[in-house]
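Beneath this line is the structure, given in structure tokens, with notes to follow.
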Amino acid sequence: MHATDWQKSTYSGDGSNCVCVAATPAGTVALRESDTPDTTLITTRARLGELIRSLKAFESRAQADSRGTGAE
């Protein structure tokens with residue numbers, strides 16, 4: 001898979017373990033880790049959006065639970 005214009009996640013900072021994303025000519029989204037650039041995950045923008053929303057919701061619930069304010 002050869003995609004151009006890879007962009008590093010802003011959450012990766014200056015570290016060497018970075019998540020990179022690129023739009024493909026087919027209209028999908030490619031994801032890879034900087035330490036394994038030959039391995040890519042291909043998905044749609046909608047599915048990637050669902051994953052990000054789910055991860056944010058999970059993080060919010062985990063933070064609430066750690067403060068003891070989560071719903072039981």
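Just so we're on the same page: first chain in the structure tokens is A, next is B, and so on; residues restart at 1 for each chain, and ligands are numbered from 1 in the order they show up.
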Do a neighbour search on Ser16 (chain A) at 10 Å with only C-alpha atoms, toss out local chain neighbours closer than 5 positions, and write the hits as a short mmCIF file (atom, residue, chain, number, x, y, z; two decimals) with N, CA and C atoms, in the first residue's frame.
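The resulting file, out_2.cif, is shown below:
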```cif
data_model
loop_
_atom_site.label_atom_id
_atom_site.label_comp_id
_atom_site.auth_asym_id
_atom_site.auth_seq_id
_atom_site.Cartn_x
_atom_site.Cartn_y
_atom_site.Cartn_z
N GLU A 33 1.24 2.54 11.97
CA GLU A 33 2.11 2.94 13.07
C GLU A 33 3.48 3.24 12.49
N SER A 34 4.15 4.24 13.04
CA SER A 34 5.44 4.63 12.49
C SER A 34 6.49 3.53 12.60
N ASP A 35 6.38 2.67 13.62
CA ASP A 35 7.37 1.61 13.77
C ASP A 35 7.11 0.41 12.87
#
```
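Proximity to Thr24 (chain A) at 12 Å, evaluated using only C-alpha atoms and with sequence-adjacent residues fewer than 2 positions away removed, yields Met1, His2, Ala3, Thr4, Asp5, Trp6, Val21, Ala22, Ala26, Gly27, Thr28, Val29, Ala30, Leu31, Thr40, Leu41, Ile42, Thr43, Thr44 and Arg45 of chain A.
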Could you save those same residues with C-alpha atoms as an mmCIF file, in the first residue's frame?
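That gives us result22.cif:
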```cif
data_model
loop_
_atom_site.group_PDB
_atom_site.id
_atom_site.type_symbol
_atom_site.label_atom_id
_atom_site.label_comp_id
_atom_site.auth_asym_id
_atom_site.auth_seq_id
_atom_site.Cartn_x
_atom_site.Cartn_y
_atom_site.Cartn_z
ATOM 1 C CA MET A 1 0.000 0.000 0.000
ATOM 2 C CA HIS A 2 1.471 3.296 -1.024
ATOM 3 C CA ALA A 3 -0.385 6.365 0.207
ATOM 4 C CA THR A 4 0.876 9.894 0.010
ATOM 5 C CA ASP A 5 0.589 12.727 2.483
ATOM 6 C CA TRP A 6 0.817 10.701 5.685
ATOM 7 C CA VAL A 21 -3.237 8.629 8.704
ATOM 8 C CA ALA A 22 -3.618 9.288 4.966
ATOM 9 C CA ALA A 26 -10.061 5.302 -3.528
ATOM 10 C CA GLY A 27 -11.652 7.627 -0.955
ATOM 11 C CA THR A 28 -10.823 5.455 2.047
ATOM 12 C CA VAL A 29 -8.521 6.168 4.977
ATOM 13 C CA ALA A 30 -5.229 4.399 5.643
ATOM 14 C CA LEU A 31 -3.766 4.096 9.148
ATOM 15 C CA THR A 40 -1.644 -0.497 7.070
ATOM 16 C CA LEU A 41 -5.279 -0.628 8.072
ATOM 17 C CA ILE A 42 -7.784 0.585 5.478
ATOM 18 C CA THR A 43 -11.186 1.866 6.569
ATOM 19 C CA THR A 44 -13.833 4.402 5.645
ATOM 20 C CA ARG A 45 -14.097 7.903 7.075
#
```
>> Could you go through chain A and tell me which residues DSSP, when run on the backbone, assigns to helix (DSSP H, G or I), listing them as a list of chain:residue names?
In response: A:Thr10, A:Tyr11, A:Ser12, A:Arg45, A:Ala46, A:Arg47, A:Leu48, A:Gly49, A:Glu50, A:Leu51, A:Ile52, A:Arg53, A:Ser54, A:Leu55, A:Lys56, A:Ala57, A:Phe58, A:Glu59, A:Ser60, A:Arg61, A:Ala62, A:Gln63, A:Ala64, A:Asp65, A:Ser66
> If you run DSSP on the backbone, which residues of region 6-44 of chain A are strand (DSSP E), as a ChimeraX atom specification?
Replying inline: /A:7-8,19-23,29-33,36-43
Limited to N, CA and C atoms, could you put the picked residues into a file as a PDB file, in the first residue's frame?
```pdb
ATOM      1  N   GLN A   7      -0.036  11.852   7.627  1.00  0.00           N
ATOM      2  CA  GLN A   7      -0.054  12.858   8.689  1.00  0.00           C
ATOM      3  C   GLN A   7       0.043  12.152  10.034  1.00  0.00           C
ATOM      4  N   LYS A   8       0.929  12.662  10.877  1.00  0.00           N
ATOM      5  CA  LYS A   8       1.115  12.090  12.206  1.00  0.00           C
ATOM      6  C   LYS A   8       0.043  12.632  13.141  1.00  0.00           C
ATOM      7  N   VAL A  19       0.992   7.265  15.399  1.00  0.00           N
ATOM      8  CA  VAL A  19      -0.074   6.819  14.510  1.00  0.00           C
ATOM      9  C   VAL A  19      -0.145   7.813  13.374  1.00  0.00           C
ATOM     10  N   CYS A  20      -0.159   7.299  12.144  1.00  0.00           N
ATOM     11  CA  CYS A  20      -0.221   8.146  10.964  1.00  0.00           C
ATOM     12  C   CYS A  20      -1.471   7.810  10.167  1.00  0.00           C
ATOM     13  N   VAL A  21      -2.015   8.800   9.483  1.00  0.00           N
ATOM     14  CA  VAL A  21      -3.237   8.629   8.704  1.00  0.00           C
ATOM     15  C   VAL A  21      -3.049   9.287   7.341  1.00  0.00           C
ATOM     16  N   ALA A  22      -3.682   8.713   6.312  1.00  0.00           N
ATOM     17  CA  ALA A  22      -3.618   9.288   4.966  1.00  0.00           C
ATOM     18  C   ALA A  22      -4.912   8.961   4.223  1.00  0.00           C
ATOM     19  N   ALA A  23      -5.351   9.908   3.425  1.00  0.00           N
ATOM     20  CA  ALA A  23      -6.482   9.665   2.528  1.00  0.00           C
ATOM     21  C   ALA A  23      -5.949   8.894   1.320  1.00  0.00           C
ATOM     22  N   VAL A  29      -9.526   5.622   4.073  1.00  0.00           N
ATOM     23  CA  VAL A  29      -8.521   6.168   4.977  1.00  0.00           C
ATOM     24  C   VAL A  29      -7.550   5.053   5.332  1.00  0.00           C
ATOM     25  N   ALA A  30      -6.261   5.361   5.270  1.00  0.00           N
ATOM     26  CA  ALA A  30      -5.229   4.399   5.643  1.00  0.00           C
ATOM     27  C   ALA A  30      -4.626   4.827   6.975  1.00  0.00           C
ATOM     28  N   LEU A  31      -4.392   3.856   7.842  1.00  0.00           N
ATOM     29  CA  LEU A  31      -3.766   4.096   9.148  1.00  0.00           C
ATOM     30  C   LEU A  31      -2.548   3.194   9.269  1.00  0.00           C
ATOM     31  N   ARG A  32      -1.519   3.701   9.929  1.00  0.00           N
ATOM     32  CA  ARG A  32      -0.334   2.877  10.187  1.00  0.00           C
ATOM     33  C   ARG A  32       0.378   3.396  11.423  1.00  0.00           C
ATOM     34  N   GLU A  33       1.242   2.543  11.965  1.00  0.00           N
ATOM     35  CA  GLU A  33       2.110   2.943  13.070  1.00  0.00           C
ATOM     36  C   GLU A  33       3.478   3.244  12.487  1.00  0.00           C
ATOM     37  N   THR A  36       5.938   0.342  12.222  1.00  0.00           N
ATOM     38  CA  THR A  36       5.641  -0.720  11.246  1.00  0.00           C
ATOM     39  C   THR A  36       4.949  -0.099  10.029  1.00  0.00           C
ATOM     40  N   PRO A  37       5.661   0.728   9.266  1.00  0.00           N
ATOM     41  CA  PRO A  37       5.025   1.481   8.185  1.00  0.00           C
ATOM     42  C   PRO A  37       4.535   0.620   7.015  1.00  0.00           C
ATOM     43  N   ASP A  38       5.012  -0.620   6.908  1.00  0.00           N
ATOM     44  CA  ASP A  38       4.554  -1.474   5.808  1.00  0.00           C
ATOM     45  C   ASP A  38       3.214  -2.136   6.097  1.00  0.00           C
ATOM     46  N   THR A  39       2.739  -2.033   7.331  1.00  0.00           N
ATOM     47  CA  THR A  39       1.448  -2.602   7.711  1.00  0.00           C
ATOM     48  C   THR A  39       0.438  -1.470   7.826  1.00  0.00           C
ATOM     49  N   THR A  40      -0.636  -1.555   7.034  1.00  0.00           N
ATOM     50  CA  THR A  40      -1.644  -0.497   7.070  1.00  0.00           C
ATOM     51  C   THR A  40      -3.027  -1.091   7.297  1.00  0.00           C
ATOM     52  N   LEU A  41      -3.872  -0.297   7.870  1.00  0.00           N
ATOM     53  CA  LEU A  41      -5.279  -0.628   8.072  1.00  0.00           C
ATOM     54  C   LEU A  41      -6.072   0.321   7.182  1.00  0.00           C
ATOM     55  N   ILE A  42      -6.961  -0.223   6.375  1.00  0.00           N
ATOM     56  CA  ILE A  42      -7.784   0.585   5.478  1.00  0.00           C
ATOM     57  C   ILE A  42      -9.217   0.573   6.002  1.00  0.00           C
ATOM     58  N   THR A  43      -9.822   1.745   6.081  1.00  0.00           N
ATOM     59  CA  THR A  43     -11.186   1.866   6.569  1.00  0.00           C
ATOM     60  C   THR A  43     -11.860   3.042   5.867  1.00  0.00           C
TER      61      THR A  43
END
```
